[in-house]
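Note: the block below is final07.cif and it holds mmCIF, C-alpha atoms.
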```cif
data_model
loop_
_atom_site.label_atom_id
_atom_site.label_comp_id
_atom_site.auth_asym_id
_atom_site.auth_seq_id
_atom_site.Cartn_x
_atom_site.Cartn_y
_atom_site.Cartn_z
CA MET A 16 0.99 -6.95 1.60
CA THR A 17 0.88 -4.71 4.64
CA TYR A 18 -1.95 -5.15 7.10
CA ALA A 19 -3.70 -2.30 8.83
CA ARG A 20 -4.45 -2.48 12.52
CA ILE A 21 -7.87 -0.86 12.66
CA ALA A 22 -10.24 -2.29 15.23
CA VAL A 23 -13.04 0.21 15.64
CA VAL A 24 -13.68 0.38 11.90
CA LEU A 25 -14.10 -3.32 11.24
CA VAL A 26 -17.28 -4.67 9.74
CA LEU A 27 -18.73 -6.96 12.38
CA ALA A 28 -21.05 -9.90 11.86
CA ILE A 29 -24.23 -8.87 13.66
CA VAL A 30 -27.27 -11.11 13.71
CA GLY A 31 -30.50 -10.02 15.35
CA ALA A 32 -34.24 -10.32 15.40
CA ALA A 33 -34.87 -7.38 13.11
CA CYS A 34 -31.40 -7.03 11.65
CA GLY A 35 -28.48 -9.13 10.65
CA ALA A 36 -26.09 -6.49 9.59
CA ALA A 37 -22.63 -5.24 9.47
CA ALA A 38 -20.85 -2.59 11.42
CA PRO A 39 -18.72 -0.98 8.79
CA THR A 40 -16.80 2.41 8.53
CA GLN A 41 -15.93 5.81 6.07
CA GLY A 42 -15.50 7.65 0.62
CA SER A 43 -13.74 9.39 -1.77
CA VAL A 44 -13.19 8.32 -5.37
CA ALA A 45 -15.38 5.53 -6.71
CA VAL A 46 -13.43 2.36 -7.35
CA THR A 47 -14.15 -1.02 -8.89
CA SER A 48 -11.74 -2.89 -6.69
CA PRO A 49 -11.02 -2.51 -2.98
CA THR A 50 -8.36 -0.12 -1.84
CA PRO A 51 -5.96 -1.60 0.73
CA VAL A 52 -5.84 0.46 3.88
CA PRO A 53 -2.36 1.94 4.42
CA THR A 54 -0.57 0.36 7.33
CA LEU A 55 -1.00 2.07 10.67
CA GLU A 56 2.03 0.37 12.15
CA PRO A 57 4.37 2.89 13.79
CA THR A 58 7.92 2.99 12.54
CA ALA A 59 9.19 2.66 16.10
CA GLU A 60 7.79 1.25 19.30
CA PRO A 61 5.33 3.89 20.57
CA THR A 62 5.51 5.20 24.08
CA ALA A 63 2.80 6.96 26.06
CA THR A 64 5.17 9.21 28.03
CA PRO A 65 6.18 11.94 28.21
CA ILE A 66 3.09 13.60 26.69
CA PRO A 67 3.67 17.06 25.28
CA SER A 68 0.80 19.46 25.78
CA PRO A 69 -1.13 20.05 22.55
CA VAL A 70 0.30 23.08 20.77
CA ALA A 71 -1.33 24.78 17.81
CA THR A 72 0.97 24.70 14.80
CA ALA A 73 0.62 25.95 11.26
CA THR A 74 0.01 23.03 8.91
CA PRO A 75 -0.78 22.83 5.20
CA GLU A 76 -4.44 22.53 4.20
CA PRO A 77 -5.28 18.82 3.82
CA ASP A 78 -6.33 17.31 0.52
CA TYR A 79 -9.98 16.66 1.28
CA ASP A 80 -10.26 14.15 -1.59
CA LYS A 81 -7.76 11.77 0.00
CA GLN A 82 -7.83 9.50 3.01
CA PRO A 83 -6.46 11.28 6.09
CA GLU A 84 -3.01 10.21 7.20
CA ILE A 85 -3.14 9.13 10.83
CA ALA A 86 -0.39 9.93 13.31
CA HIS A 87 1.71 7.08 14.65
CA ASP A 88 2.61 8.75 17.94
CA LEU A 89 0.47 9.96 20.79
CA ALA A 90 1.18 13.70 20.78
CA PRO A 91 0.27 14.31 17.11
CA LEU A 92 -2.68 11.94 17.46
CA ILE A 93 -4.03 14.16 20.25
CA GLU A 94 -3.88 17.08 17.83
CA GLN A 95 -5.73 15.10 15.19
CA VAL A 96 -8.45 14.11 17.64
CA ILE A 97 -8.96 17.74 18.63
CA LEU A 98 -8.97 18.86 14.99
CA ALA A 99 -11.56 16.24 13.99
CA GLU A 100 -13.85 16.65 16.99
CA ARG A 101 -13.95 20.43 16.71
CA GLY A 102 -14.22 20.26 12.94
CA VAL A 103 -17.32 18.09 12.87
CA ARG A 104 -18.99 20.34 15.43
CA ASP A 105 -18.19 23.59 13.65
CA PRO A 106 -21.27 24.75 11.66
CA ASN A 107 -18.97 26.60 9.28
CA VAL A 108 -17.35 23.30 8.24
CA THR A 109 -19.51 21.76 5.54
CA GLY A 110 -19.41 19.68 2.38
CA LYS A 111 -16.22 17.89 1.41
CA LYS A 112 -14.29 19.30 4.36
CA LEU A 113 -16.89 18.05 6.86
CA ALA A 114 -16.88 14.57 5.32
CA TRP A 115 -13.07 14.51 5.58
CA MET A 116 -13.22 15.57 9.23
CA GLY A 117 -15.61 12.69 9.97
CA TRP A 118 -13.26 10.30 8.19
CA LEU A 119 -10.32 11.61 10.20
CA GLN A 120 -12.35 11.23 13.37
CA GLN A 121 -13.13 7.61 12.55
CA LEU A 122 -9.52 6.72 11.84
CA THR A 123 -8.28 8.32 15.06
CA TYR A 124 -10.61 6.00 16.97
CA GLY A 125 -9.20 3.09 15.01
CA GLN A 126 -5.69 4.06 16.08
CA LEU A 127 -6.81 4.36 19.70
CA ALA A 128 -8.31 0.90 19.48
CA ASN A 129 -4.94 -0.36 18.29
CA TYR A 130 -3.09 1.26 21.18
CA SER A 131 -5.36 1.08 24.20
CA GLU A 132 -2.52 2.31 26.43
CA TRP A 133 -2.87 5.69 24.74
CA VAL A 134 -6.51 6.20 25.72
CA GLU A 135 -6.07 7.32 29.32
CA PRO A 136 -3.30 9.86 28.68
CA LEU A 137 -5.12 11.14 25.61
CA LEU A 138 -8.33 11.73 27.53
CA LYS A 139 -6.41 13.59 30.22
CA ALA A 140 -4.79 15.82 27.60
CA LEU A 141 -8.01 16.71 25.78
CA PRO A 142 -9.75 20.04 26.40
CA ASP A 143 -13.07 19.97 28.22
CA ASP A 144 -15.15 20.68 25.11
CA VAL A 145 -13.81 17.60 23.36
CA ARG A 146 -13.37 14.97 26.08
CA PRO A 147 -16.99 13.79 26.70
CA GLY A 148 -17.71 12.91 23.09
CA VAL A 149 -14.41 11.12 22.69
CA GLN A 150 -14.92 9.06 25.84
CA GLY A 151 -18.45 8.10 24.80
CA THR A 152 -17.41 7.05 21.31
CA ILE A 153 -14.47 5.00 22.62
CA ASP A 154 -16.78 3.18 25.05
CA ALA A 155 -19.35 2.47 22.33
CA GLY A 156 -16.66 1.08 20.05
CA LYS A 157 -15.48 -1.29 22.76
CA GLU A 158 -18.98 -2.68 23.09
CA LEU A 159 -19.37 -3.11 19.34
CA ARG A 160 -16.14 -5.07 19.07
CA ARG A 161 -17.65 -7.66 21.38
CA LEU A 162 -19.70 -8.80 18.38
CA ARG A 163 -16.73 -9.49 16.15
CA GLY A 164 -16.77 -12.91 14.52
CA PRO A 165 -14.25 -14.87 12.43
CA THR A 166 -12.31 -12.87 9.83
CA PRO A 167 -13.93 -13.38 6.41
CA LYS A 168 -11.99 -15.03 3.60
CA THR A 169 -13.87 -13.27 0.79
CA PHE A 170 -15.59 -9.98 0.13
CA PRO A 171 -19.33 -9.62 0.70
CA ASP A 172 -21.81 -9.29 -2.15
CA TRP A 173 -22.27 -5.57 -1.54
CA LYS A 174 -22.39 -2.34 -3.44
CA ILE A 175 -21.13 0.78 -1.67
CA VAL A 176 -22.99 4.02 -2.33
CA ALA A 177 -22.80 7.58 -1.08
CA PRO A 178 -25.09 8.21 1.89
CA LYS A 179 -28.10 10.51 1.82
CA PRO A 180 -27.18 14.05 2.89
CA ILE A 181 -26.95 14.84 6.59
CA ASP A 182 -30.08 16.98 6.67
CA ALA A 183 -32.14 14.49 4.67
CA LEU A 184 -31.40 11.64 7.04
CA MET A 185 -31.99 13.85 10.06
CA GLY A 186 -35.40 14.71 8.62
CA PHE A 187 -36.24 10.99 8.43
CA TYR A 188 -35.05 10.36 12.00
CA LYS A 189 -37.10 13.29 13.29
CA GLU A 190 -40.18 12.15 11.38
CA ALA A 191 -39.92 8.69 12.94
CA GLU A 192 -39.37 10.26 16.35
CA ALA A 193 -42.50 12.37 15.98
CA GLU A 194 -44.62 9.40 14.92
CA PHE A 195 -43.29 6.64 17.17
CA GLY A 196 -41.63 8.45 20.07
CA VAL A 197 -38.21 6.88 19.45
CA PRO A 198 -35.54 9.57 20.00
CA TRP A 199 -33.81 10.42 16.72
CA TYR A 200 -30.35 9.67 18.05
CA TYR A 201 -31.17 5.98 18.58
CA LEU A 202 -32.27 5.70 14.96
CA ALA A 203 -29.12 7.49 13.81
CA ALA A 204 -26.96 5.15 15.91
CA ILE A 205 -28.62 2.08 14.41
CA ASN A 206 -28.17 3.49 10.90
CA LEU A 207 -24.49 4.13 11.70
CA VAL A 208 -23.76 0.67 13.07
CA GLU A 209 -25.78 -1.32 10.58
CA THR A 210 -24.73 0.22 7.25
CA ARG A 211 -22.67 3.36 7.90
CA MET A 212 -25.66 5.64 7.24
CA GLY A 213 -26.85 3.57 4.27
CA ARG A 214 -23.53 3.22 2.43
CA ILE A 215 -23.87 -0.57 2.25
CA ARG A 216 -26.33 -2.09 -0.20
CA GLY A 217 -26.74 -5.84 -0.15
CA LEU A 218 -27.62 -8.68 2.17
CA SER A 219 -25.89 -9.30 5.46
CA SER A 220 -24.54 -12.74 6.31
CA ALA A 221 -27.86 -13.41 8.06
CA GLY A 222 -29.99 -12.25 5.14
CA ALA A 223 -30.93 -8.82 6.47
CA GLN A 224 -31.37 -6.01 3.99
CA GLY A 225 -31.72 -2.27 3.63
CA PRO A 226 -30.08 0.66 5.40
CA MET A 227 -31.57 -0.39 8.75
CA GLN A 228 -30.98 -4.13 8.11
CA PHE A 229 -34.33 -5.87 8.43
CA MET A 230 -34.86 -9.59 8.21
CA PRO A 231 -37.58 -10.34 5.65
CA GLY A 232 -40.10 -11.57 8.21
CA THR A 233 -39.66 -8.55 10.44
CA TRP A 234 -39.99 -6.18 7.50
CA ALA A 235 -43.17 -7.95 6.38
CA ALA A 236 -44.64 -7.36 9.86
CA TYR A 237 -43.43 -3.81 10.54
CA GLY A 238 -42.22 -2.27 7.30
CA LYS A 239 -44.13 -0.21 4.77
CA GLY A 240 -42.82 0.59 1.33
CA ASP A 241 -39.32 -0.30 0.14
CA VAL A 242 -36.89 -1.85 2.63
CA ASN A 243 -34.00 -0.36 0.62
CA ASP A 244 -35.38 3.18 0.79
CA GLU A 245 -33.84 5.22 3.60
CA HIS A 246 -37.06 6.94 4.58
CA ASP A 247 -39.15 3.76 4.58
CA ALA A 248 -36.48 1.78 6.43
CA ILE A 249 -36.02 4.39 9.16
CA MET A 250 -39.78 4.64 9.65
CA GLY A 251 -39.93 0.84 9.82
CA ALA A 252 -37.21 0.83 12.48
CA GLY A 253 -39.16 3.36 14.53
CA ARG A 254 -42.32 1.29 14.20
CA TYR A 255 -40.55 -1.91 15.24
CA LEU A 256 -38.75 -0.31 18.17
CA LYS A 257 -42.03 1.12 19.47
CA ALA A 258 -43.69 -2.30 19.23
CA SER A 259 -40.74 -3.72 21.16
CA GLY A 260 -40.97 -1.30 24.09
CA ALA A 261 -39.51 2.03 22.97
CA PRO A 262 -39.22 4.72 24.09
CA LYS A 263 -40.08 3.63 27.65
CA ASP A 264 -37.77 0.62 27.64
CA MET A 265 -35.02 1.24 25.11
CA ASP A 266 -32.89 -1.66 26.38
CA ARG A 267 -35.69 -4.09 25.65
CA ALA A 268 -36.42 -2.53 22.27
CA LEU A 269 -32.79 -2.54 21.16
CA PHE A 270 -32.31 -6.11 22.34
CA ALA A 271 -35.28 -7.11 20.21
CA TYR A 272 -33.59 -5.40 17.27
CA ASN A 273 -30.40 -7.36 17.83
CA ARG A 274 -30.09 -9.90 20.60
CA HIS A 275 -26.61 -9.12 21.86
CA ILE A 276 -25.86 -6.98 24.89
CA GLY A 277 -22.78 -5.57 23.17
CA TYR A 278 -24.98 -4.29 20.36
CA VAL A 279 -27.45 -2.75 22.81
CA ASN A 280 -24.68 -0.99 24.72
CA ALA A 281 -22.99 0.24 21.53
CA ILE A 282 -26.20 1.76 20.17
CA LYS A 283 -26.90 3.39 23.53
CA GLY A 284 -23.33 4.72 23.64
CA TYR A 285 -23.35 6.36 20.22
CA ALA A 286 -26.88 7.64 20.85
CA GLU A 287 -25.84 9.22 24.13
CA VAL A 288 -22.99 11.09 22.46
CA MET A 289 -25.48 12.54 19.99
CA ARG A 290 -28.04 13.25 22.69
CA GLN A 291 -25.51 15.31 24.60
CA ASP A 292 -24.33 17.10 21.45
CA ALA A 293 -26.43 16.78 18.30
CA SER A 294 -23.56 18.03 16.15
CA ALA A 295 -21.71 14.77 16.88
CA TYR A 296 -24.03 13.23 14.29
CA ARG A 297 -22.22 15.25 11.62
CA GLY A 298 -19.03 13.38 12.38
CA TYR A 299 -20.58 9.92 12.45
CA HIS A 300 -22.16 10.65 9.06
CA GLY A 301 -18.64 10.79 7.61
CA TRP A 302 -17.60 7.34 8.83
CA GLN A 303 -16.86 5.07 5.89
CA VAL A 304 -16.84 1.35 5.12
CA TYR A 305 -13.82 -0.79 5.89
CA TYR A 306 -13.88 -4.54 5.50
CA PRO A 307 -11.49 -7.09 7.00
CA THR A 308 -10.40 -10.22 5.20
CA VAL A 309 -7.66 -12.70 5.91
CA GLU A 310 -5.51 -10.67 3.49
CA GLY A 311 -5.95 -7.38 5.32
CA ILE A 312 -8.44 -4.56 5.85
CA PHE A 313 -9.83 -2.74 2.83
CA HIS A 314 -11.52 0.60 2.38
CA LEU A 315 -14.63 0.14 0.26
CA ALA A 316 -15.31 3.55 -1.28
CA PRO A 317 -18.59 4.61 -2.94
CA GLY A 318 -18.86 2.82 -6.26
CA TRP A 319 -17.24 -0.37 -4.97
CA THR A 320 -18.84 -3.67 -5.92
CA LYS A 321 -17.66 -7.18 -5.26
CA PRO A 322 -15.00 -8.13 -7.82
CA PRO A 323 -15.66 -11.25 -9.91
CA ASP A 324 -14.33 -14.50 -8.49
#
```

Rewrite the coordinates I just gave you, this time as structure tokens.
Amino acid sequence: MTYARIAVVLVLAIVGAACGAAAPTQGSVAVTSPTPVPTLEPTAEPTATPIPSPVATATPEPDYDKQPEIAHDLAPLIEQVILAERGVRDPNVTGKKLAWMGWLQQLTYGQLANYSEWVEPLLKALPDDVRPGVQGTIDAGKELRRLRGPTPKTFPDWKIVAPKPIDALMGFYKEAEAEFGVPWYYLAAINLVETRMGRIRGLSSAGAQGPMQFMPGTWAAYGKGDVNDEHDAIMGAGRYLKASGAPKDMDRALFAYNRHIGYVNAIKGYAEVMRQDASAYRGYHGWQVYYPTVEGIFHLAPGWTKPPD
């Protein structure tokens, strides 16, 4: 079996005061068994120099129902980064194409995590409209990987579902912001890191549940309604963050949500990218769920459930 080298898309074991979640990744066709991630190993030893300047070339229209194929060399990867970053920010890109662009975006970050020596030359080669968001997302991913625990031997007892639409979730974030004062982009970042915008249904390793990953005791104190309902969970997160110091002291509030500085910095990093450019949220919404086991990394598409032992 071939193993994929994807770092930024790993599900991480995260245990916190309010949450105890996972940091998963990006779906296409519903499956009943996990789909192995194609290897991202280059066919030859990659080199970071010389770096050709990005050049627009005519390429066939991608199949938006299939997982994007990621480049194994720096120059074409630069082109893919530009394509994905501009695609998710283009208001004319919607539906299946937008979801595919978010998936492509996610996988380019995974490749950059594999080859850290590519990051600096890539950032230098990017146009000014793309560079800030890429830098911020790379930095947030680095912080999140600080939480990585032992590689699991088995699959989690999860069900993977399609996320609520972009506008629906944004409406919930904005409602919580209006009521509790917590900026919407922090709530979106938590939703992204904890369950990939609600794609994961099931308990975390710590017993947290719902799209915002509440421990039962915390939900009993701060939640209203159904912990598995996106609206109720996002409102509960806003309520808990406010009680913990938000919006005045977001560091304190986020640390109360999950007591790890890497988690705090990751949430702040993703949130800052969205604060600077709200359309970045459209890309993060397309990130799907990948899960690492000792046998490799698997893409868990909507419809996936844990196979019988």

request  = List, as a list in words, every residue that the PyMOL selection byres ((chain A and resi 173-179) around 6) selects in the file provided.
outcome  =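 When the PyMOL selection byres ((chain A and resi 173-179) around 6) is applied to the shown file, the picked residues are Pro171, Asp172, Pro180, Met212, Gly213, Arg214, Ile215, Arg216, Gly217, Pro317, Gly318, Trp319 and Thr320 of chain A.
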
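Residue nearest Ala316 (chain A) within the list A:Glu76, A:Pro167, A:Gly253, A:Arg211: A:Arg211 [criterion: smallest interatomic distance, only C-alpha atoms].
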
Between region 161-237 of chain A and region 259-276 of chain A, at 10 Å or less, what are the per-residue closest atom pairs and their distances in Å? Count all atoms listed in the file, order by chain and rising residue number, and return it as a Markdown table.
```
| residue | atom | partner | partner_atom | distance |
| --- | --- | --- | --- | --- |
| A:Arg161 | CA | A:Ile276 | CA | 9.0 |
| A:Leu162 | CA | A:His275 | CA | 7.7 |
| A:Glu192 | CA | A:Pro262 | CA | 9.5 |
| A:Phe195 | CA | A:Pro262 | CA | 8.3 |
| A:Gly196 | CA | A:Pro262 | CA | 6.0 |
| A:Val197 | CA | A:Pro262 | CA | 5.2 |
| A:Pro198 | CA | A:Pro262 | CA | 7.3 |
| A:Tyr201 | CA | A:Met265 | CA | 8.9 |
| A:Ile205 | CA | A:Leu269 | CA | 9.2 |
| A:Gln228 | CA | A:Tyr272 | CA | 9.6 |
| A:Phe229 | CA | A:Tyr272 | CA | 8.9 |
| A:Thr233 | CA | A:Tyr272 | CA | 9.7 |
```

task = Please evaluate the PyMOL selection byres ((chain A and resi 149) around 9) against the structure above and give the resulting residues as a list in words.
result = Val96, Glu100, Tyr124, Leu138, Val145, Arg146, Pro147, Gly148, Gln150, Gly151, Thr152, Ile153, Asp154 and Val288 of chain A

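When CA of Leu315 (chain A) is paired with CA of Trp199 (chain A), their separation reads 27.3 Å.
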
key: Long-range neighbours of region 238-242 of chain A as number ranges by chain, 9 Å cut-off, only C-alpha atoms, 4 positions minimum in chain   = A: 224-229, 233-234, 246-248, 250-252, 254-255

message = Can you spell out as a ChimeraX atom specification the set of residues that the PyMOL selection byres ((chain A and resi 117) around 7) selects in the structure I just provided?
response = /A:99,103,113-116,118-121,298-302

Axis-aligned box for all listed atoms of region 274-284 of chain A, 6 Å per side, centre and edges in Å to one decimal, as JSON:
```
{"center_x": -26.4, "center_y": -2.6, "center_z": 22.5, "size_x": 19.3, "size_y": 26.6, "size_z": 16.7}
```

ask   = Restricting the calculation to all atoms listed in the file, which member of A:Asn206, A:Thr166, A:Ala286, A:Asp144 is positioned closest to Gly311 (chain A)?
value = A:Thr166

request  = Would you mind reading off the distance between CA of Ser294 (chain A) and CA of Pro106 (chain A), one decimal, in Å?
outcome  = 8.4 Å
